[in-house]
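Enquirer: This one is protein.pdb, PDB, C-alpha atoms (C1' of nucleotides) and all ligand atoms.
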```
ATOM      1  CA  MET A 164      13.937   5.215  -3.537
ATOM      2  CA  ALA A 165      12.365   4.519  -6.882
ATOM      3  CA  LYS A 166       9.129   2.630  -6.725
ATOM      4  CA  LYS A 167       9.469  -0.704  -8.432
ATOM      5  CA  LYS A 168       5.948  -1.825  -9.046
ATOM      6  CA  ASN A 169       5.193  -5.516  -9.111
ATOM      7  CA  ASN A 170       3.504  -6.480 -12.345
ATOM      8  CA  VAL A 171       3.592 -10.225 -12.118
ATOM      9  CA  TYR A 172       2.997 -12.691  -9.316
ATOM     10  CA  LEU A 173       4.017 -16.333  -9.455
ATOM     11  CA  VAL A 174       2.740 -19.071  -7.193
ATOM     12  CA  GLU A 175       4.431 -22.431  -7.075
ATOM     13  CA  THR A 176       1.472 -24.770  -6.868
ATOM     14  CA  ALA A 177       3.597 -27.869  -7.260
ATOM     15  CA  PRO A 178       7.323 -28.307  -7.572
ATOM     16  CA  GLY A 179       8.245 -26.638 -10.847
ATOM     17  CA  GLN A 180       4.664 -25.662 -11.583
ATOM     18  CA  MET A 181       4.017 -21.959 -11.569
ATOM     19  CA  LYS A 182       0.657 -20.286 -11.659
ATOM     20  CA  LYS A 183       0.855 -16.739 -12.933
ATOM     21  CA  PHE A 184      -1.184 -13.769 -11.778
ATOM     22  CA  THR A 185      -1.123 -10.278 -13.165
ATOM     23  CA  ASN A 186      -2.780  -8.694 -10.196
ATOM     24  CA  TRP A 187      -2.120  -8.996  -6.480
ATOM     25  CA  PRO A 188      -5.693  -9.569  -5.228
ATOM     26  CA  ASP A 189      -6.154 -12.620  -7.436
ATOM     27  CA  CYS A 190      -2.830 -14.030  -6.331
ATOM     28  CA  GLN A 191      -3.575 -13.282  -2.701
ATOM     29  CA  ALA A 192      -7.000 -14.909  -2.875
ATOM     30  CA  PHE A 193      -5.582 -18.008  -4.521
ATOM     31  CA  VAL A 194      -2.701 -18.471  -2.119
ATOM     32  CA  LYS A 195      -4.669 -17.680   1.026
ATOM     33  CA  GLY A 196      -4.375 -20.351   3.669
ATOM     34  CA  LYS A 197      -2.166 -22.508   1.497
ATOM     35  CA  PRO A 198       1.498 -23.317   1.926
ATOM     36  CA  TYR A 199       2.552 -22.383  -1.594
ATOM     37  CA  ARG A 200       5.637 -20.332  -2.315
ATOM     38  CA  PHE A 201       4.871 -17.089  -4.040
ATOM     39  CA  ALA A 202       6.552 -13.881  -5.052
ATOM     40  CA  GLY A 203       5.951 -10.776  -7.084
ATOM     41  CA  GLY A 204       8.266  -9.036  -9.466
ATOM     42  CA  VAL A 205       8.551  -6.416 -12.152
ATOM     43  CA  ASP A 206       8.674  -9.288 -14.605
ATOM     44  CA  GLU A 207       8.251 -13.035 -14.492
ATOM     45  CA  ALA A 208      12.006 -13.639 -14.278
ATOM     46  CA  GLU A 209      12.329 -11.558 -11.140
ATOM     47  CA  ALA A 210       9.412 -13.274  -9.434
ATOM     48  CA  ARG A 211      10.780 -16.685 -10.348
ATOM     49  CA  ALA A 212      14.188 -15.706  -9.032
ATOM     50  CA  LYS A 213      12.681 -14.670  -5.732
ATOM     51  CA  ILE A 214      10.919 -17.983  -5.340
ATOM     52  CA  SER A 215      13.968 -19.990  -6.301
ATOM     53  CA  GLY A 216      16.149 -17.781  -4.177
ATOM     54  CA  GLY A 217      14.396 -19.157  -1.183
ATOM     55  CA  ALA A 218      11.403 -17.045  -0.403
ATOM     56  CA  PRO A 219       9.939 -19.124   2.390
ATOM     57  CA  ALA A 220       6.512 -20.614   1.968
ATOM     58  CA  LYS A 221       5.075 -18.271   4.502
ATOM     59  CA  GLN A 222       1.467 -18.457   5.527
ATOM     60  CA  ALA A 223      -0.429 -16.020   3.390
ATOM     61  CA  LYS A 224      -2.233 -14.909   6.545
ATOM     62  CA  SER A 225      -0.673 -11.540   7.145
ATOM     63  CA  SER A 226       2.646  -9.870   7.003
ATOM     64  CA  LYS A 227       2.580  -7.869  10.186
ATOM     65  CA  GLY A 228       5.556  -5.655   9.632
ATOM     66  CA  GLY A 229       5.901  -2.766   7.230
ATOM     67  CA  TRP A 230       2.744  -3.648   5.354
ATOM     68  CA  SER A 231       1.342  -0.186   5.644
ATOM     69  CA  GLY A 232       4.453   1.519   4.408
ATOM     70  CA  GLY A 233       5.174  -0.731   1.505
ATOM     71  CA  GLY A 234       3.046  -1.702  -1.420
ATOM     72  CA  LYS A 235       5.479  -4.443  -2.182
ATOM     73  CA  ALA A 236       4.319  -8.009  -2.194
ATOM     74  CA  THR A 237       7.607  -9.407  -1.095
ATOM     75  CA  SER A 238       9.920  -8.103   1.538
ATOM     76  CA  ASP A 239      13.417  -8.757   2.719
ATOM     77  CA  LYS A 240      13.612 -12.399   3.687
ATOM     78  CA  PRO A 241      16.738 -14.210   4.758
ATOM     79  CA  LYS A 242      17.943 -16.574   2.050
ATOM     80  CA  ASN A 243      17.173 -20.256   2.544
ATOM     81  CA  ASN A 244      20.217 -22.515   2.702
ATOM     82  CA  TYR A 245      18.536 -25.838   3.363
ATOM     83  CA  TYR A 246      15.566 -27.591   1.881
ATOM     84  CA  LEU A 247      14.130 -30.610   3.654
ATOM     85  CA  VAL A 248      11.720 -33.172   2.299
ATOM     86  CA  GLU A 249       9.937 -35.420   4.752
ATOM     87  CA  ILE A 250      10.201 -38.828   3.127
ATOM     88  CA  GLU A 251       8.750 -40.720   6.060
ATOM     89  CA  PRO A 252       7.784 -39.606   9.541
ATOM     90  CA  ASP A 253      10.987 -38.384  11.168
ATOM     91  CA  GLN A 254      13.083 -39.095   8.091
ATOM     92  CA  TYR A 255      14.238 -36.216   5.933
ATOM     93  CA  LYS A 256      16.187 -35.721   2.726
ATOM     94  CA  THR A 257      18.275 -32.578   2.707
ATOM     95  CA  PHE A 258      19.075 -30.333  -0.246
ATOM     96  CA  THR A 259      21.177 -27.218  -0.357
ATOM     97  CA  ARG A 260      19.790 -26.000  -3.662
ATOM     98  CA  TRP A 261      16.130 -25.383  -4.300
ATOM     99  CA  SER A 262      16.411 -26.609  -7.880
ATOM    100  CA  ASP A 263      17.687 -30.001  -6.679
ATOM    101  CA  CYS A 264      14.920 -30.241  -4.137
ATOM    102  CA  GLN A 265      12.477 -29.312  -6.855
ATOM    103  CA  SER A 266      13.672 -32.103  -9.148
ATOM    104  CA  PHE A 267      13.405 -34.623  -6.367
ATOM    105  CA  LEU A 268       9.917 -33.480  -5.509
ATOM    106  CA  LYS A 269       8.662 -33.802  -9.072
ATOM    107  CA  GLY A 270       5.446 -35.778  -9.098
ATOM    108  CA  LYS A 271       5.567 -36.607  -5.404
ATOM    109  CA  LYS A 272       3.323 -35.446  -2.639
ATOM    110  CA  LEU A 273       5.714 -35.098   0.246
ATOM    111  CA  PRO A 274       5.851 -32.315   2.802
ATOM    112  CA  TYR A 275       8.828 -30.016   2.320
ATOM    113  CA  ALA A 276      10.162 -26.668   3.430
ATOM    114  CA  GLY A 277      13.192 -24.451   3.184
ATOM    115  CA  GLY A 278      14.991 -22.634   5.936
ATOM    116  CA  VAL A 279      18.106 -20.739   6.814
ATOM    117  CA  THR A 280      19.003 -23.686   9.021
ATOM    118  CA  GLU A 281      17.950 -27.338   8.852
ATOM    119  CA  GLU A 282      16.204 -26.910  12.180
ATOM    120  CA  GLU A 283      14.156 -24.043  10.831
ATOM    121  CA  ALA A 284      13.124 -26.012   7.768
ATOM    122  CA  LYS A 285      12.187 -28.984   9.910
ATOM    123  CA  ALA A 286      10.093 -26.813  12.183
ATOM    124  CA  LYS A 287       8.392 -25.296   9.174
ATOM    125  CA  ILE A 288       7.438 -28.718   7.860
ATOM    126  CA  GLU A 289       6.009 -29.515  11.265
ATOM    127  CA  ARG A 290       3.873 -26.387  11.176
ATOM    128  CA  THR A 291       2.668 -26.738   7.598
ATOM    129  CA  ARG A 292       2.503 -30.493   7.015
ATOM    130  CA  ASP A 293      -1.258 -30.704   7.428
ATOM    131  CA  MET A 294      -1.984 -27.967   4.970
ATOM    132  CA  GLN A 295       0.581 -29.186   2.481
ATOM    133  CA  LEU A 296      -0.944 -32.658   2.330
ATOM    134  CA  LYS A 297      -4.440 -31.319   2.386
ATOM    135  CA  TYR A 298      -3.923 -29.058  -0.594
ATOM    136  CA  ARG A 299      -1.439 -31.193  -2.538
ATOM    137  CA  ASP A 300      -4.090 -33.483  -3.967
ATOM    138  CA  ARG A 301      -6.858 -30.991  -4.264
ATOM    139  CA  GLU A 302      -5.839 -28.554  -6.985
ATOM    140  CA  PRO A 303      -8.410 -29.609  -9.603
ATOM    141  CA  GLN A 304     -11.407 -29.412  -7.294
ATOM    142  CA  GLY A 305     -12.721 -26.005  -6.426
ATOM    143  CA  GLY A 306     -15.167 -27.107  -3.774
ATOM    144  CA  GLY A 307     -14.019 -26.825  -0.200
ATOM    145  CA  LYS A 308     -16.491 -27.133   2.591
ATOM    146  CA  LYS A 309     -15.306 -24.302   4.766
ATOM    147  CA  GLY A 310     -16.913 -21.759   7.004
ATOM    148  CA  ALA A 311     -19.888 -21.811   9.303
ATOM    149  CA  ALA A 312     -23.251 -22.403   7.703
ATOM    150  CA  VAL A 313     -25.407 -19.333   7.167
ATOM    151  CA  GLY A 314     -28.700 -19.598   8.986
ATOM    152  CA  SER A 315     -31.966 -17.917   8.215
ATOM    153  CA  ARG A 316     -32.637 -14.208   8.086
ATOM    154  CA  PRO A 317     -32.048 -12.574  11.453
ATOM    155  CA  SER A 318     -34.945 -10.988  13.266
ATOM    156  CA  GLU A 319     -32.972  -9.332  16.020
ATOM    157  CA  GLY A 320     -30.754  -6.255  16.030
ATOM    158  CA  ILE A 321     -30.183  -3.096  14.023
ATOM    159  CA  CYS A 322     -28.187  -2.413  10.882
ATOM    160  CA  SER A 323     -26.301   0.285   9.024
ATOM    161  CA  ASP A 324     -25.457   0.836   5.389
ATOM    162  CA  ALA A 325     -23.683   3.319   3.147
ATOM    163  CA  GLY A 326     -24.856   5.019   0.008
ATOM    164  CA  THR A 327     -22.763   6.999  -2.446
ATOM    165  CA  HIS A 328     -23.093   8.849  -5.751
ATOM    166  CA  GLY A 329     -19.877   7.756  -7.367
ATOM    167  CA  ASN A 330     -17.039   6.080  -5.523
ATOM    168  CA  PRO A 331     -15.431   8.118  -4.214
ATOM    169  CA  GLY A 332     -18.370  10.518  -4.196
ATOM    170  CA  PRO A 333     -20.875  12.351  -2.053
ATOM    171  CA  CYS A 334     -21.975   9.760   0.436
ATOM    172  CA  GLU A 335     -24.206   9.086   3.391
ATOM    173  CA  TYR A 336     -25.115   6.416   5.866
ATOM    174  CA  GLN A 337     -28.218   5.328   7.669
ATOM    175  CA  VAL A 338     -28.991   3.137  10.621
ATOM    176  CA  CYS A 339     -32.241   1.164  10.587
ATOM    177  CA  ASP A 340     -34.029  -1.530  12.490
ATOM    178  CA  LEU A 341     -34.541  -4.825  10.702
ATOM    179  CA  LYS A 342     -37.930  -3.702   9.442
ATOM    180  CA  GLY A 343     -36.239  -0.798   7.675
ATOM    181  CA  LYS A 344     -37.278   1.991  10.023
ATOM    182  CA  ARG A 345     -34.637   4.742   9.984
ATOM    183  CA  LEU A 346     -32.988   5.409  13.343
ATOM    184  CA  ALA A 347     -30.125   7.662  12.200
ATOM    185  CA  TYR A 348     -28.899   9.338   9.026
ATOM    186  CA  LYS A 349     -25.986  11.563   7.987
ATOM    187  CA  HIS A 350     -24.451  13.196   4.887
ATOM    188  CA  LEU A 351     -20.710  12.713   4.891
ATOM    189  CA  GLY A 352     -19.324  14.752   1.993
ATOM    190  CA  VAL A 353     -17.058  13.174  -0.616
ATOM    191  CA  HIS A 354     -15.507   9.902   0.528
ATOM    192  CA  THR A 355     -15.245   6.245  -0.469
ATOM    193  CA  ASN A 356     -17.920   3.613  -0.012
ATOM    194  CA  ASN A 357     -15.866   1.929   2.689
ATOM    195  CA  TYR A 358     -15.345   5.155   4.595
ATOM    196  CA  ALA A 359     -19.120   5.605   4.648
ATOM    197  CA  GLU A 360     -19.725   1.993   5.733
ATOM    198  CA  LEU A 361     -17.332   2.526   8.620
ATOM    199  CA  ALA A 362     -18.906   5.840   9.630
ATOM    200  CA  GLY A 363     -22.293   4.098   9.575
ATOM    201  CA  ILE A 364     -21.066   1.393  11.903
ATOM    202  CA  GLU A 365     -19.853   3.937  14.417
ATOM    203  CA  ALA A 366     -23.234   5.666  14.325
ATOM    204  CA  MET A 367     -24.978   2.302  14.647
ATOM    205  CA  ILE A 368     -23.079   1.598  17.847
ATOM    206  CA  GLU A 369     -24.172   4.904  19.339
ATOM    207  CA  VAL A 370     -27.762   4.103  18.461
ATOM    208  CA  ALA A 371     -27.413   0.618  19.930
ATOM    209  CA  VAL A 372     -26.091   1.970  23.216
ATOM    210  CA  THR A 373     -28.907   4.478  23.651
ATOM    211  CA  ARG A 374     -31.589   1.989  22.636
ATOM    212  CA  GLY A 375     -30.211  -1.048  24.408
ATOM    213  CA  GLU A 376     -29.700  -3.043  21.210
ATOM    214  CA  THR A 377     -26.937  -5.652  21.199
ATOM    215  CA  ILE A 378     -26.771  -7.187  17.722
ATOM    216  CA  LEU A 379     -25.318  -4.961  15.032
ATOM    217  CA  TRP A 380     -25.415  -5.878  11.340
ATOM    218  CA  THR A 381     -23.232  -4.636   8.493
ATOM    219  CA  ASP A 382     -22.743  -5.969   4.967
ATOM    220  CA  SER A 383     -19.216  -4.579   4.763
ATOM    221  CA  GLN A 384     -16.563  -7.252   4.925
ATOM    222  CA  ILE A 385     -13.975  -4.509   4.509
ATOM    223  CA  ALA A 386     -15.116  -2.386   7.448
ATOM    224  CA  MET A 387     -15.411  -5.454   9.673
ATOM    225  CA  GLY A 388     -11.898  -6.493   8.699
ATOM    226  CA  TRP A 389     -10.470  -3.064   9.508
ATOM    227  CA  ILE A 390     -12.149  -3.099  12.914
ATOM    228  CA  LYS A 391     -11.022  -6.621  13.763
ATOM    229  CA  SER A 392      -7.448  -6.245  12.559
ATOM    230  CA  GLY A 393      -6.890  -2.597  13.391
ATOM    231  CA  ARG A 394      -4.804  -2.404  10.209
ATOM    232  CA  LEU A 395      -5.237  -1.007   6.725
ATOM    233  CA  GLY A 396      -3.714  -2.089   3.453
ATOM    234  CA  PRO A 397      -1.395   0.233   1.539
ATOM    235  CA  THR A 398      -4.016   1.342  -0.982
ATOM    236  CA  VAL A 399      -6.658   2.649   1.412
ATOM    237  CA  LYS A 400      -7.821   6.220   0.800
ATOM    238  CA  GLU A 401      -7.867   8.661   3.711
ATOM    239  CA  PRO A 402      -6.072   6.215   6.001
ATOM    240  CA  GLU A 403      -5.759   8.658   8.902
ATOM    241  CA  ALA A 404      -9.463   9.431   8.940
ATOM    242  CA  ILE A 405     -10.289   5.750   8.565
ATOM    243  CA  MET A 406      -8.064   4.855  11.497
ATOM    244  CA  VAL A 407      -9.817   7.462  13.657
ATOM    245  CA  PHE A 408     -13.082   5.616  13.005
ATOM    246  CA  VAL A 409     -11.457   2.230  13.552
ATOM    247  CA  ARG A 410      -9.989   3.166  16.929
ATOM    248  CA  SER A 411     -13.207   4.843  18.002
ATOM    249  CA  ILE A 412     -15.242   1.763  17.096
ATOM    250  CA  GLN A 413     -12.777  -0.558  18.786
ATOM    251  CA  ALA A 414     -12.962   1.526  21.964
ATOM    252  CA  LEU A 415     -16.764   1.510  21.884
ATOM    253  CA  LEU A 416     -16.920  -2.249  21.417
ATOM    254  CA  LYS A 417     -14.481  -2.702  24.263
ATOM    255  CA  LYS A 418     -16.499  -0.392  26.489
ATOM    256  CA  HIS A 419     -19.698  -2.265  25.617
ATOM    257  CA  PRO A 420     -18.723  -5.938  25.490
ATOM    258  CA  ASN A 421     -22.366  -6.927  25.123
ATOM    259  CA  LEU A 422     -22.372  -5.553  21.570
ATOM    260  CA  GLU A 423     -21.906  -7.984  18.694
ATOM    261  CA  LEU A 424     -20.976  -6.708  15.233
ATOM    262  CA  LYS A 425     -22.070  -9.288  12.675
ATOM    263  CA  LYS A 426     -21.884  -9.792   8.927
ATOM    264  CA  TRP A 427     -25.159  -9.452   7.049
ATOM    265  CA  HIS A 428     -25.269 -12.206   4.417
ATOM    266  CA  THR A 429     -26.846 -10.384   1.504
ATOM    267  CA  LYS A 430     -26.731 -13.349  -0.872
ATOM    268  CA  GLN A 431     -28.796 -15.488   1.465
ATOM    269  CA  TRP A 432     -30.996 -12.887   3.108
ATOM    270  CA  GLY A 433     -31.419 -10.157   0.523
ATOM    271  CA  GLU A 434     -30.329  -6.552   0.884
ATOM    272  CA  ILE A 435     -29.651  -5.274   4.376
ATOM    273  CA  PRO A 436     -32.693  -3.278   5.551
ATOM    274  CA  ALA A 437     -30.630  -0.070   5.775
ATOM    275  CA  ASP A 438     -29.750  -0.326   2.062
ATOM    276  CA  PHE A 439     -30.388   2.749  -0.064
ATOM    277  CA  GLY A 440     -31.769   0.732  -2.966
ATOM    278  CA  ARG A 441     -29.690   2.226  -5.736
ATOM    279  CA  LYS A 442     -28.418  -0.942  -7.368
ATOM    280  CA  GLY A 443     -30.931  -1.703  -9.930
TER     281      GLY A 443
ATOM    282  C1'   A Y 253     -11.901 -15.033  -5.421
ATOM    283  C1'   C Y 254     -14.713 -12.536  -1.817
ATOM    284  C1'   A Y 255     -17.402  -8.321   0.251
ATOM    285  C1'   U Y 256     -19.175  -3.676  -1.125
TER     286        U Y 256
ATOM    287  C1'  DC O 121     -19.276  -0.337 -17.465
ATOM    288  C1'  DG O 122     -16.482   2.167 -13.354
ATOM    289  C1'  DA O 123     -14.500   2.365  -8.192
ATOM    290  C1'  DT O 124     -13.253   0.661  -3.052
ATOM    291  C1'  DG O 125     -11.015  -2.877  -0.550
ATOM    292  C1'  DT O 126      -8.785  -7.915   1.526
TER     293       DT O 126
HETATM  294 MN    MN A 501     -23.285  -1.811   2.275
HETATM  295 MN    MN A 502     -26.455  -1.003   0.197
END
```
Take the structure I supplied and represent it as structure tokens, if you would.
Ligand SMILES: [Mn+2]
Ligand SMILES: [Mn+2]
Expert:
Amino acid sequence: MAKKKNNVYLVETAPGQMKKFTNWPDCQAFVKGKPYRFAGGVDEAEARAKISGGAPAKQAKSSKGGWSGGGKATSDKPKNNYYLVEIEPDQYKTFTRWSDCQSFLKGKKLPYAGGVTEEEAKAKIERTRDMQLKYRDREPQGGGKKGAAVGSRPSEGICSDAGTHGNPGPCEYQVCDLKGKRLAYKHLGVHTNNYAELAGIEAMIEVAVTRGETILWTDSQIAMGWIKSGRLGPTVKEPEAIMVFVRSIQALLKKHPNLELKKWHTKQWGEIPADFGRKG
RNA sequence: ACAU
DNA sequence: CGATGT
């Protein structure tokens, strides 16, 4: 199979209104948690066709199947045959062509969804109505008050961090207490930054177990995500080795339920004490 | 965009 | 400025 690379990503922010992205991360970040339709394609026409062809407004959360094998933003979805617009509670207008639905929707802020059957579309509206209404009005504003507040600098626990010379490059990790005292250190050979962060977390857990520590800090959103989800994206280097670390860490955390792996908020608290101090 |  | 990742 020839690899057709997606070059363009379109997001339908409002009926008929497309936002264009030329890279997947930007598109993904924008669409995250929102009910927008989106699709990728070799060119804009292909992406648009996919959206119009009935790519369902799936939650950008995660596509559980085939994600690791692919590298494609869109996958085989059944074609939508019905498009419902919720005019009033429990009253729907039905369309059989997306373009008609789109015209009707123009300038309105009504919940809508497509589905292979009317029942499916109706159910989808039910599931996504809140988010649709919430985001429909809010496009101009960038400020959303989300996420737990970040408190003050922690005083409890231990931390790990990675250091590299080039990325990928010769790398190392260290585990420290919150005053910066080194508790463990290792050279790792040539790997990526995220590989080293992950290796450091595993070492940090071992240290925590032997020392009776329970709060474990890392600044790596990526490593934390791998551990929590148990899954890697299609672009990850050394995926087999990474997954060995991931499963090992998951097993350790399961075996020691008292351990808490937490995100170190560098912006608020300054560099994590295990940092190698090479950025400046 | 976010985290490195 | 470059790279690793969601
Ligand atoms: Mn780090
Ligand atoms: Mn660091």
Enquirer: For atom CA of Arg441 of chain A and atom CA of Tyr348 of chain A, determine how far apart the two atoms are, in Å to one decimal place.
Expert: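 A separation of 16.4 Å between them.
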Enquirer: Within 8 Å of chain A, which residues of chain O show up when using all atoms listed in the file, listed as a PyMOL selection string?
Expert: chain O and resi 123-126
Enquirer: Quick one: residues within 12 Å of (-34.1, 2.7, 21.7) (file frame), counting all atoms listed in the file, please, as a list of chain:residue names.
Expert: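 So the residues meeting the distance criterion are A:Gly320, A:Ile321, A:Cys339, A:Asp340, A:Arg345, A:Leu346, A:Ala347, A:Met367, A:Ile368, A:Glu369, A:Val370, A:Ala371, A:Val372, A:Thr373, A:Arg374, A:Gly375, A:Glu376, A:Thr377.
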Enquirer: What does the distance between atom CA of Trp380 of chain A and atom CA of Ile364 of chain A come to in Å, to one decimal place?
Expert: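 Atom CA of Ile364 of chain A lies at a distance of 8.5 Å from atom CA of Trp380 of chain A.
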Enquirer: Got a sec to resolve the PyMOL selection byres (((not hetatm)) within 9 of (chain A and resi 502)) on this structure and send the residues as a ChimeraX atom specification?
Expert: /A:323-326,382,434-442 /Y:256
Enquirer: Ranking A:Ala286, A:Cys322, A:Ala366, A:Leu273 by minimum distance to ligand MN 501 (chain A) and counting all atoms listed in the file, which one comes first?
Expert: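 Between A:Ala286, A:Cys322, A:Ala366, A:Leu273, the residue approaching ligand MN 501 (chain A) most closely is A:Cys322.
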Enquirer: So, with all atoms listed in the file as the atoms that count, which of A:Lys183, A:Lys272, A:Lys195, A:Lys417 lies closest to chain Y?
Expert: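 Checking each candidate against chain Y, we get A:Lys195 as the closest.
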Enquirer: For this file, the PyMOL selection byres (((chain A and resi 248-264) around 10) and not hetatm) selects which residues, as JSON, numbers by chain?
Expert: {"A": [178, 179, 214, 215, 216, 217, 243, 244, 245, 246, 247, 265, 266, 267, 268, 269, 271, 272, 273, 274, 275, 276, 277, 278, 281, 284, 285, 288, 289, 292]}
Enquirer: Using only C-alpha atoms, please write the residues we just selected to a file, as an mmCIF file, in the frame of the given file.
Expert:
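Here's the written file again22.cif:
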```cif
data_model
loop_
_atom_site.group_PDB
_atom_site.id
_atom_site.type_symbol
_atom_site.label_atom_id
_atom_site.label_comp_id
_atom_site.auth_asym_id
_atom_site.auth_seq_id
_atom_site.Cartn_x
_atom_site.Cartn_y
_atom_site.Cartn_z
ATOM 1 C CA PRO A 178 7.323 -28.307 -7.572
ATOM 2 C CA GLY A 179 8.245 -26.638 -10.847
ATOM 3 C CA ILE A 214 10.919 -17.983 -5.340
ATOM 4 C CA SER A 215 13.968 -19.990 -6.301
ATOM 5 C CA GLY A 216 16.149 -17.781 -4.177
ATOM 6 C CA GLY A 217 14.396 -19.157 -1.183
ATOM 7 C CA ASN A 243 17.173 -20.256 2.544
ATOM 8 C CA ASN A 244 20.217 -22.515 2.702
ATOM 9 C CA TYR A 245 18.536 -25.838 3.363
ATOM 10 C CA TYR A 246 15.566 -27.591 1.881
ATOM 11 C CA LEU A 247 14.130 -30.610 3.654
ATOM 12 C CA GLN A 265 12.477 -29.312 -6.855
ATOM 13 C CA SER A 266 13.672 -32.103 -9.148
ATOM 14 C CA PHE A 267 13.405 -34.623 -6.367
ATOM 15 C CA LEU A 268 9.917 -33.480 -5.509
ATOM 16 C CA LYS A 269 8.662 -33.802 -9.072
ATOM 17 C CA LYS A 271 5.567 -36.607 -5.404
ATOM 18 C CA LYS A 272 3.323 -35.446 -2.639
ATOM 19 C CA LEU A 273 5.714 -35.098 0.246
ATOM 20 C CA PRO A 274 5.851 -32.315 2.802
ATOM 21 C CA TYR A 275 8.828 -30.016 2.320
ATOM 22 C CA ALA A 276 10.162 -26.668 3.430
ATOM 23 C CA GLY A 277 13.192 -24.451 3.184
ATOM 24 C CA GLY A 278 14.991 -22.634 5.936
ATOM 25 C CA GLU A 281 17.950 -27.338 8.852
ATOM 26 C CA ALA A 284 13.124 -26.012 7.768
ATOM 27 C CA LYS A 285 12.187 -28.984 9.910
ATOM 28 C CA ILE A 288 7.438 -28.718 7.860
ATOM 29 C CA GLU A 289 6.009 -29.515 11.265
ATOM 30 C CA ARG A 292 2.503 -30.493 7.015
#
```
Enquirer: Since I can't run it myself right now, could you work out what the PyMOL selection byres (((chain A and resi 315) around 9) and not hetatm) selects here and report it as a list in words?
Expert: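 Taken on the displayed file, the PyMOL selection byres (((chain A and resi 315) around 9) and not hetatm) yields the residues Val313, Gly314, Arg316, Pro317, Gln431 and Trp432 of chain A.
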Enquirer: Quick one: distance from atom CA of Lys182 of chain A to atom CA of Asp293 of chain A in Å, one decimal?
Expert: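 Going from atom CA of Lys182 of chain A over to atom CA of Asp293 of chain A, I get 21.8 Å.
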Enquirer: As JSON, please report the centre and edge lengths, rounded to one decimal in Å, of the axis-aligned box that holds all listed atoms of chain O with 4 Å of padding on each of the six sides.
Expert:
```
{"center_x": -14.0, "center_y": -2.8, "center_z": -8.0, "size_x": 18.5, "size_y": 18.3, "size_z": 27.0}
```
Enquirer: Just need chain O in a file, please: C-alpha atoms (C1' of nucleotides), as a JSON list (two decimals), in the first residue's frame.
Expert:
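Wrote it out as decode-v9.json, contents follow:
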```json
[["chain", "number", "residue", "atom", "x", "y", "z"],
["O", 121, "DC", "C1'", 17.72, 27.75, 15.62],
["O", 122, "DG", "C1'", 16.88, 22.25, 15.84],
["O", 123, "DA", "C1'", 14.33, 17.76, 17.83],
["O", 124, "DT", "C1'", 10.68, 14.72, 20.72],
["O", 125, "DG", "C1'", 5.92, 14.08, 21.53],
["O", 126, "DT", "C1'", 0.12, 14.61, 22.38]]
```
